[in-house]
file structure08.cif (mmCIF, C-alpha atoms (C1' of nucleotides))
data_protein
loop_
_atom_site.label_atom_id
_atom_site.label_comp_id
_atom_site.auth_asym_id
_atom_site.auth_seq_id
_atom_site.Cartn_x
_atom_site.Cartn_y
_atom_site.Cartn_z
CA MET A 1 0.00 0.00 0.00
CA ILE A 2 1.35 3.36 -1.05
CA ALA A 3 0.69 7.01 -0.22
CA ILE A 4 -1.07 9.43 -2.50
CA GLY A 5 2.13 11.00 -3.81
CA GLU A 6 3.46 7.65 -4.95
CA ALA A 7 0.07 6.73 -6.45
CA SER A 8 0.21 9.99 -8.34
CA ARG A 9 3.69 9.23 -9.66
CA GLN A 10 2.78 5.68 -10.66
CA SER A 11 -0.46 6.65 -12.39
CA GLY A 12 0.42 10.02 -13.84
CA VAL A 13 -2.68 11.51 -12.25
CA GLY A 14 -2.05 14.61 -10.13
CA ILE A 15 -2.55 14.45 -6.37
CA GLU A 16 -5.28 17.05 -6.36
CA THR A 17 -6.94 15.29 -9.24
CA ILE A 18 -6.91 11.98 -7.38
CA ARG A 19 -8.65 13.61 -4.43
CA PHE A 20 -11.05 15.25 -6.88
CA TYR A 21 -11.90 11.85 -8.45
CA GLU A 22 -12.53 10.52 -4.97
CA ARG A 23 -14.83 13.42 -4.05
CA GLU A 24 -16.74 12.90 -7.29
CA GLY A 25 -17.10 9.19 -6.63
CA ILE A 26 -15.24 8.23 -9.79
CA VAL A 27 -12.84 6.05 -7.85
CA PRO A 28 -13.73 4.31 -4.58
CA LYS A 29 -12.55 5.84 -1.32
CA PRO A 30 -9.18 4.35 -0.50
CA GLU A 31 -8.18 2.86 2.80
CA ARG A 32 -6.75 5.14 5.44
CA ALA A 33 -3.73 4.63 7.66
CA GLN A 34 -3.97 5.33 11.40
CA ASN A 35 -2.66 8.81 10.71
CA ASN A 36 -5.62 9.40 8.38
CA ARG A 37 -3.55 9.34 5.23
CA ARG A 38 -4.86 7.65 2.12
CA LEU A 39 -3.42 4.25 1.21
CA TYR A 40 -3.62 2.97 -2.34
CA SER A 41 -3.46 -0.62 -3.59
CA ASP A 42 -2.24 -1.76 -6.98
CA ASP A 43 -5.86 -2.00 -8.08
CA ASP A 44 -6.40 1.61 -7.08
CA VAL A 45 -3.41 2.69 -9.10
CA GLY A 46 -4.68 0.60 -12.00
CA ARG A 47 -7.96 2.48 -11.95
CA LEU A 48 -6.18 5.80 -11.95
CA ARG A 49 -4.01 4.72 -14.84
CA PHE A 50 -7.06 3.57 -16.73
CA LEU A 51 -8.74 6.92 -16.21
CA LYS A 52 -5.60 8.73 -17.29
CA LYS A 53 -5.47 6.82 -20.56
CA CYS A 54 -9.12 7.48 -21.27
CA ARG A 55 -8.69 11.20 -20.61
CA ASP A 56 -5.58 11.28 -22.80
CA LEU A 57 -7.65 9.71 -25.55
CA GLY A 58 -10.06 12.63 -25.24
CA PHE A 59 -12.93 10.86 -23.52
CA SER A 60 -14.89 13.13 -21.22
CA LEU A 61 -14.76 12.35 -17.53
CA PRO A 62 -18.28 10.83 -17.54
CA GLU A 63 -17.23 8.68 -20.50
CA ALA A 64 -14.01 7.65 -18.79
CA ARG A 65 -16.05 6.74 -15.75
CA MET A 66 -18.37 4.60 -17.86
CA LEU A 67 -15.46 2.82 -19.46
CA LEU A 68 -13.95 2.16 -16.07
CA ASN A 69 -17.23 0.75 -14.81
CA LEU A 70 -17.55 -1.41 -17.90
CA SER A 71 -14.02 -2.65 -17.42
CA GLU A 72 -14.79 -3.74 -13.88
CA ASN A 73 -17.90 -5.59 -14.98
CA GLN A 74 -16.94 -9.06 -16.15
CA LEU A 75 -20.30 -9.63 -17.80
CA ALA A 76 -20.13 -6.77 -20.25
CA ASP A 77 -19.08 -7.61 -23.75
CA CYS A 78 -17.58 -5.25 -26.27
CA GLN A 79 -20.77 -3.71 -27.48
CA SER A 80 -21.15 -0.72 -25.15
CA VAL A 81 -17.46 0.00 -25.28
CA LYS A 82 -17.42 -0.04 -29.04
CA GLU A 83 -20.44 2.26 -29.26
CA LEU A 84 -18.90 4.76 -26.91
CA ALA A 85 -15.60 4.68 -28.74
CA ASP A 86 -17.14 4.92 -32.19
CA SER A 87 -19.22 7.90 -31.23
CA HIS A 88 -16.12 9.48 -29.78
CA ILE A 89 -14.20 8.83 -32.98
CA LEU A 90 -16.94 10.62 -34.89
CA ASN A 91 -16.61 13.57 -32.55
CA VAL A 92 -12.88 13.69 -33.07
CA GLN A 93 -13.29 13.51 -36.84
CA ARG A 94 -15.86 16.28 -36.79
CA LYS A 95 -13.54 18.41 -34.69
CA ILE A 96 -10.70 17.83 -37.15
CA ARG A 97 -12.89 18.90 -40.07
CA GLU A 98 -13.91 22.05 -38.20
CA LEU A 99 -10.34 22.93 -37.37
CA ARG A 100 -9.26 22.41 -40.95
CA LYS A 101 -11.94 24.79 -42.19
CA LEU A 102 -10.81 27.20 -39.53
CA GLU A 103 -7.22 26.87 -40.61
CA ASP A 104 -8.16 27.60 -44.22
CA ALA A 105 -10.14 30.65 -43.18
CA LEU A 106 -7.28 31.98 -41.09
CA VAL A 107 -4.69 31.42 -43.78
CA GLU A 108 -6.84 33.19 -46.31
CA LEU A 109 -7.50 36.02 -43.91
CA THR A 110 -3.82 36.67 -43.32
CA ALA A 111 -2.65 36.04 -46.88
CA ASN A 112 -2.56 39.68 -47.82
CA CYS A 113 -1.12 40.97 -44.58
CA ALA A 114 2.29 42.52 -45.10
CA ARG A 115 4.57 44.55 -42.93
CA GLY A 116 3.85 48.21 -43.43
CA ASN A 117 0.31 47.76 -44.59
CA VAL A 118 -1.65 50.55 -43.02
CA ALA A 119 -5.06 49.20 -43.91
CA CYS A 120 -4.92 45.66 -42.60
CA PRO A 121 -6.93 43.36 -44.86
CA MET A 122 -7.60 40.91 -42.06
CA LEU A 123 -9.13 43.55 -39.83
CA GLY A 124 -11.04 44.81 -42.83
CA GLN A 125 -12.58 41.40 -43.35
CA LEU A 126 -13.45 41.06 -39.70
CA GLN A 127 -15.13 44.43 -39.72
CA LEU A 128 -17.33 43.70 -42.73
CA GLY A 129 -21.04 43.63 -42.00
CA MET B 130 -30.48 52.98 -31.21
CA ILE B 131 -31.72 49.50 -30.49
CA ALA B 132 -32.38 47.36 -27.42
CA ILE B 133 -30.21 44.49 -26.30
CA GLY B 134 -32.43 41.81 -27.82
CA GLU B 135 -32.18 43.39 -31.25
CA ALA B 136 -28.43 43.91 -30.85
CA SER B 137 -28.17 40.23 -30.01
CA ARG B 138 -30.14 39.27 -33.12
CA GLN B 139 -28.12 41.55 -35.38
CA SER B 140 -24.73 40.45 -34.01
CA GLY B 141 -25.35 36.81 -33.26
CA VAL B 142 -24.02 37.31 -29.73
CA GLY B 143 -26.34 36.09 -26.97
CA ILE B 144 -27.96 38.61 -24.64
CA GLU B 145 -26.28 37.22 -21.56
CA THR B 146 -22.99 37.18 -23.39
CA ILE B 147 -23.35 40.83 -24.35
CA ARG B 148 -23.88 41.76 -20.73
CA PHE B 149 -20.93 39.54 -19.82
CA TYR B 150 -18.70 41.35 -22.34
CA GLU B 151 -19.81 44.63 -20.82
CA ARG B 152 -19.04 43.49 -17.27
CA GLU B 153 -15.61 42.33 -18.41
CA GLY B 154 -14.90 45.64 -20.09
CA ILE B 155 -14.50 44.03 -23.52
CA VAL B 156 -17.06 46.36 -25.04
CA PRO B 157 -17.77 49.87 -23.74
CA LYS B 158 -20.81 50.42 -21.57
CA PRO B 159 -23.68 51.34 -23.86
CA GLU B 160 -25.99 54.26 -23.40
CA ARG B 161 -29.06 53.81 -21.27
CA ALA B 162 -32.60 54.94 -21.96
CA GLN B 163 -34.59 56.72 -19.24
CA ASN B 164 -36.04 53.38 -18.24
CA ASN B 165 -32.48 52.13 -17.61
CA ARG B 166 -32.45 49.81 -20.59
CA ARG B 167 -29.33 49.49 -22.67
CA LEU B 168 -29.27 51.24 -26.06
CA TYR B 169 -26.91 50.08 -28.78
CA SER B 170 -25.60 52.04 -31.76
CA ASP B 171 -24.50 50.60 -35.09
CA ASP B 172 -20.92 50.88 -33.89
CA ASP B 173 -21.76 48.84 -30.81
CA VAL B 174 -23.32 46.15 -32.95
CA GLY B 175 -20.26 46.25 -35.22
CA ARG B 176 -18.02 45.54 -32.23
CA LEU B 177 -20.15 42.63 -31.16
CA ARG B 178 -20.13 41.21 -34.67
CA PHE B 179 -16.36 41.62 -34.81
CA LEU B 180 -15.98 39.72 -31.54
CA LYS B 181 -18.32 37.01 -32.76
CA LYS B 182 -16.23 36.44 -35.88
CA CYS B 183 -13.02 36.30 -33.89
CA ARG B 184 -14.51 33.77 -31.47
CA ASP B 185 -15.85 31.70 -34.36
CA LEU B 186 -12.33 31.66 -35.76
CA GLY B 187 -11.16 30.15 -32.50
CA PHE B 188 -9.41 33.17 -31.04
CA SER B 189 -9.55 33.29 -27.26
CA LEU B 190 -11.49 36.10 -25.69
CA PRO B 191 -8.33 38.02 -24.73
CA GLU B 192 -7.11 37.63 -28.30
CA ALA B 193 -10.44 38.75 -29.71
CA ARG B 194 -10.27 41.73 -27.42
CA MET B 195 -6.79 42.60 -28.68
CA LEU B 196 -7.90 42.34 -32.27
CA LEU B 197 -10.85 44.59 -31.54
CA ASN B 198 -8.59 47.15 -29.91
CA LEU B 199 -6.19 46.99 -32.85
CA SER B 200 -9.07 47.44 -35.24
CA GLU B 201 -10.15 50.61 -33.46
CA ASN B 202 -6.66 52.03 -33.55
CA GLN B 203 -6.09 53.71 -36.90
CA LEU B 204 -2.36 53.90 -36.36
CA ALA B 205 -1.74 50.19 -36.12
CA ASP B 206 -0.44 48.47 -39.19
CA CYS B 207 -0.78 44.81 -40.00
CA GLN B 208 2.16 43.58 -37.99
CA SER B 209 0.57 42.81 -34.64
CA VAL B 210 -2.50 41.37 -36.26
CA LYS B 211 -0.47 39.09 -38.46
CA GLU B 212 1.62 37.87 -35.54
CA LEU B 213 -1.42 37.06 -33.49
CA ALA B 214 -3.08 35.29 -36.38
CA ASP B 215 0.01 33.32 -37.36
CA SER B 216 0.55 32.08 -33.85
CA HIS B 217 -3.10 31.11 -33.74
CA ILE B 218 -2.75 29.21 -37.01
CA LEU B 219 0.13 27.27 -35.48
CA ASN B 220 -2.06 26.41 -32.52
CA VAL B 221 -4.80 25.19 -34.78
CA GLN B 222 -2.38 23.08 -36.79
CA ARG B 223 -0.93 21.56 -33.65
CA LYS B 224 -4.40 20.74 -32.41
CA ILE B 225 -5.22 19.07 -35.72
CA ARG B 226 -2.09 16.92 -35.50
CA GLU B 227 -2.96 15.91 -31.96
CA LEU B 228 -6.47 14.99 -32.90
CA ARG B 229 -5.29 12.93 -35.85
CA LYS B 230 -2.97 10.94 -33.62
CA LEU B 231 -5.85 10.52 -31.25
CA GLU B 232 -8.10 9.33 -34.04
CA ASP B 233 -5.52 6.75 -35.12
CA ALA B 234 -5.15 5.50 -31.58
CA LEU B 235 -8.91 5.18 -31.15
CA VAL B 236 -9.42 3.42 -34.45
CA GLU B 237 -6.69 0.96 -33.63
CA LEU B 238 -8.08 0.42 -30.17
CA THR B 239 -11.52 -0.46 -31.46
CA ALA B 240 -10.38 -2.41 -34.50
CA ASN B 241 -10.76 -5.80 -32.88
CA CYS B 242 -13.97 -5.08 -31.04
CA ALA B 243 -16.79 -7.26 -32.30
CA ARG B 244 -20.26 -7.93 -31.07
CA GLY B 245 -20.23 -10.87 -28.72
CA ASN B 246 -16.62 -10.51 -27.71
CA VAL B 247 -16.49 -11.30 -24.04
CA ALA B 248 -12.95 -10.13 -23.48
CA CYS B 249 -13.01 -6.65 -24.97
CA PRO B 250 -9.64 -5.90 -26.56
CA MET B 251 -10.07 -2.17 -26.09
CA LEU B 252 -10.63 -2.47 -22.36
CA GLY B 253 -7.73 -4.89 -22.28
CA GLN B 254 -5.46 -2.29 -23.80
CA LEU B 255 -6.65 0.42 -21.45
CA GLN B 256 -6.01 -1.84 -18.49
CA LEU B 257 -2.45 -2.66 -19.45
CA GLY B 258 0.16 -1.36 -17.03
"C1'" DC C 259 16.94 15.82 20.39
"C1'" DA C 260 15.84 19.83 17.67
"C1'" DT C 261 14.91 21.68 13.57
"C1'" DA C 262 14.10 22.05 8.75
"C1'" DA C 263 12.15 20.35 4.66
"C1'" DC C 264 8.85 17.69 2.81
"C1'" DA C 265 4.21 15.18 2.40
"C1'" DT C 266 -0.33 15.06 3.53
"C1'" DC C 267 -4.88 16.64 5.37
"C1'" DT C 268 -9.47 19.51 4.82
"C1'" DG C 269 -11.88 23.02 2.70
"C1'" DT C 270 -12.46 26.75 -0.36
"C1'" DA C 271 -11.82 29.47 -4.49
"C1'" DG C 272 -10.10 30.19 -9.04
"C1'" DT C 273 -9.73 29.04 -14.20
"C1'" DA C 274 -12.51 30.04 -19.61
"C1'" DA C 275 -16.28 31.75 -21.52
"C1'" DC C 276 -20.18 31.70 -21.10
"C1'" DT C 277 -25.19 30.02 -19.60
"C1'" DA C 278 -29.04 29.71 -16.62
"C1'" DC C 279 -31.70 31.04 -13.40
"C1'" DA C 280 -34.43 34.01 -9.55
"C1'" DG C 281 -37.04 37.73 -8.59
"C1'" DG C 282 -38.50 42.01 -10.06
"C1'" DA C 283 -39.62 46.04 -13.32
"C1'" DT C 284 -41.34 47.72 -17.63
"C1'" DC C 285 -43.45 47.71 -22.11
"C1'" DA C 286 -46.63 46.66 -26.18
"C1'" DA C 287 -50.78 44.61 -27.86
"C1'" DG C 288 -55.52 43.31 -27.61
"C1'" DC D 289 -56.49 45.82 -17.76
"C1'" DT D 290 -54.37 41.86 -18.39
"C1'" DT D 291 -51.21 38.91 -20.75
"C1'" DG D 292 -46.86 37.96 -22.57
"C1'" DA D 293 -42.52 39.60 -24.07
"C1'" DT D 294 -38.52 41.99 -22.91
"C1'" DC D 295 -35.46 43.90 -19.84
"C1'" DC D 296 -32.97 44.67 -15.25
"C1'" DT D 297 -29.49 43.05 -11.37
"C1'" DG D 298 -27.13 39.63 -9.13
"C1'" DT D 299 -25.76 35.05 -8.29
"C1'" DA D 300 -24.70 30.27 -9.27
"C1'" DG D 301 -23.74 26.52 -12.45
"C1'" DT D 302 -20.95 24.34 -16.27
"C1'" DT D 303 -15.84 21.10 -17.26
"C1'" DA D 304 -12.10 19.08 -15.23
"C1'" DC D 305 -9.18 20.32 -12.82
"C1'" DT D 306 -5.61 23.48 -10.24
"C1'" DA D 307 -4.13 26.42 -6.59
"C1'" DC D 308 -4.01 27.91 -2.54
"C1'" DA D 309 -4.48 28.51 3.07
"C1'" DG D 310 -3.70 26.77 7.27
"C1'" DA D 311 -2.98 22.74 9.97
"C1'" DT D 312 -0.73 18.38 11.00
"C1'" DG D 313 2.44 14.67 10.36
"C1'" DT D 314 6.81 12.42 8.73
"C1'" DT D 315 11.64 12.09 7.40
"C1'" DA D 316 16.37 13.69 7.05
"C1'" DT D 317 20.12 16.26 8.87
"C1'" DG D 318 23.17 18.49 12.46
#
call {"tool": "encode", "arguments": {"input": "structure08.cif", "output": "structure tokens"}}
result
Amino acid sequence: MIAIGEASRQSGVGIETIRFYEREGIVPKPERAQNNRRLYSDDDVGRLRFLKKCRDLGFSLPEARMLLNLSENQLADCQSVKELADSHILNVQRKIRELRKLEDALVELTANCARGNVACPMLGQLQLG
Amino acid sequence: MIAIGEASRQSGVGIETIRFYEREGIVPKPERAQNNRRLYSDDDVGRLRFLKKCRDLGFSLPEARMLLNLSENQLADCQSVKELADSHILNVQRKIRELRKLEDALVELTANCARGNVACPMLGQLQLG
DNA sequence: CATAACATCTGTAGTAACTACAGGATCAAG
DNA sequence: CTTGATCCTGTAGTTACTACAGATGTTATG
């Protein structure tokens, strides 16, 4: 059993974030030592690591929580996981498309900007009715 | 001079957001009618529209505010605008790269998920130490 | 053994950029 | 004159943390 700092190091989840996950009921309350300090098992660290990976993959916290619950449930098959992931992939793809349009718009907007221009064409475009 | 609801319609900025921009000092305080209601001029609406476009282009609120200030300053040439926009373009491009990596990772993770799988390979991957 | 530096505890407040009320006043139309 | 729309102020909620403040406990060093 390890202290919260070590759990943080091993999982990559910040100390404050671990306590936040506990407050929110996303991870179970850990054991406490006699001095009231939190004690984490390997399973606890595993959960934190799992959550970290989900978050790094862009899943929202509620989604990460669902995935964690699914992963602890032996009976669940792939189906719910796959649905969640597929819908998330669609979100990511949509976001990429939006950002690409945005990039195009920005590049076009700045194309005619040159040092010394007094009437900035980008500002002009932004000001148009 | 128009009321806040009409200014919202004409600019595309929500009523609450307009009042928020005013509180934050991003737009000047508008005139008030005798009944204490806000009155907006065409210039005011122009500012709101300008901010809306900046936000739609993904500029942060502080950035949008800077651009607005630059646009009201006749002396400014393109330089500052171009710098801000270029750095923003880099941000957008970085974000796109990140999301593409993320998409790849998700697609790979779900590739072997099939209906009826009892041991979900995606969860398996997420659980790995 | 004392002291300093570090780790942890609880609880609260701050972040970005809005959004959503609550509770009240005012206005326009029928 | 009443109904419904609009407006006012002020406060709290959203996401997912992050940053304290102030107290207590532990570990390392002289």
call {"tool": "resolve_selection", "arguments": {"input": "structure08.cif", "expression": "the PyMOL selection byres ((chain A) within 8 of (chain B))", "output": "PyMOL selection string"}}
result
chain A and resi 46+49-50+53-54+57-58+67+71+75-79+81-82+85-86+89+92-93+96+99-100+102-103+105-107+110+113-123+126-127+129
call {"tool": "closest_atom_pairs", "arguments": {"input": "structure08.cif", "of": "chain D", "to": "chain A", "cutoff": "10 Å", "atoms": "all atoms listed in the file", "output": "CSV"}}
result
residue,atom,partner,partner_atom,distance
D:DT303,C1',A:Leu61,CA,8.8
D:DA304,C1',A:Leu61,CA,7.6
D:DC305,C1',A:Thr17,CA,6.6
D:DT306,C1',A:Glu16,CA,7.5
D:DA307,C1',A:Glu16,CA,9.4
D:DT312,C1',A:Asn35,CA,9.8
D:DG313,C1',A:Asn35,CA,7.8
call {"tool": "resolve_selection", "arguments": {"input": "structure08.cif", "expression": "the PyMOL selection byres ((chain C) within 10 of (chain A))", "output": "PyMOL selection string"}}
result
chain C and resi 265-267
call {"tool": "write_last_selection", "arguments": {"input": "structure08.cif", "atoms": "C-alpha atoms (C1' of nucleotides)", "output": "CSV table (one decimal), in the coordinates of the input"}}
result
chain,number,residue,atom,x,y,z
C,265,DA,C1',4.2,15.2,2.4
C,266,DT,C1',-0.3,15.1,3.5
C,267,DC,C1',-4.9,16.6,5.4
call {"tool": "atom_distance", "arguments": {"input": "structure08.cif", "atom1": "atom CA of B:Leu168", "atom2": "atom CA of B:Phe188"}}
result
27.3 Å
call {"tool": "atom_distance", "arguments": {"input": "structure08.cif", "atom1": "atom CA of B:Ala162", "atom2": "atom C1' of D:DA293"}}
result
18.4 Å
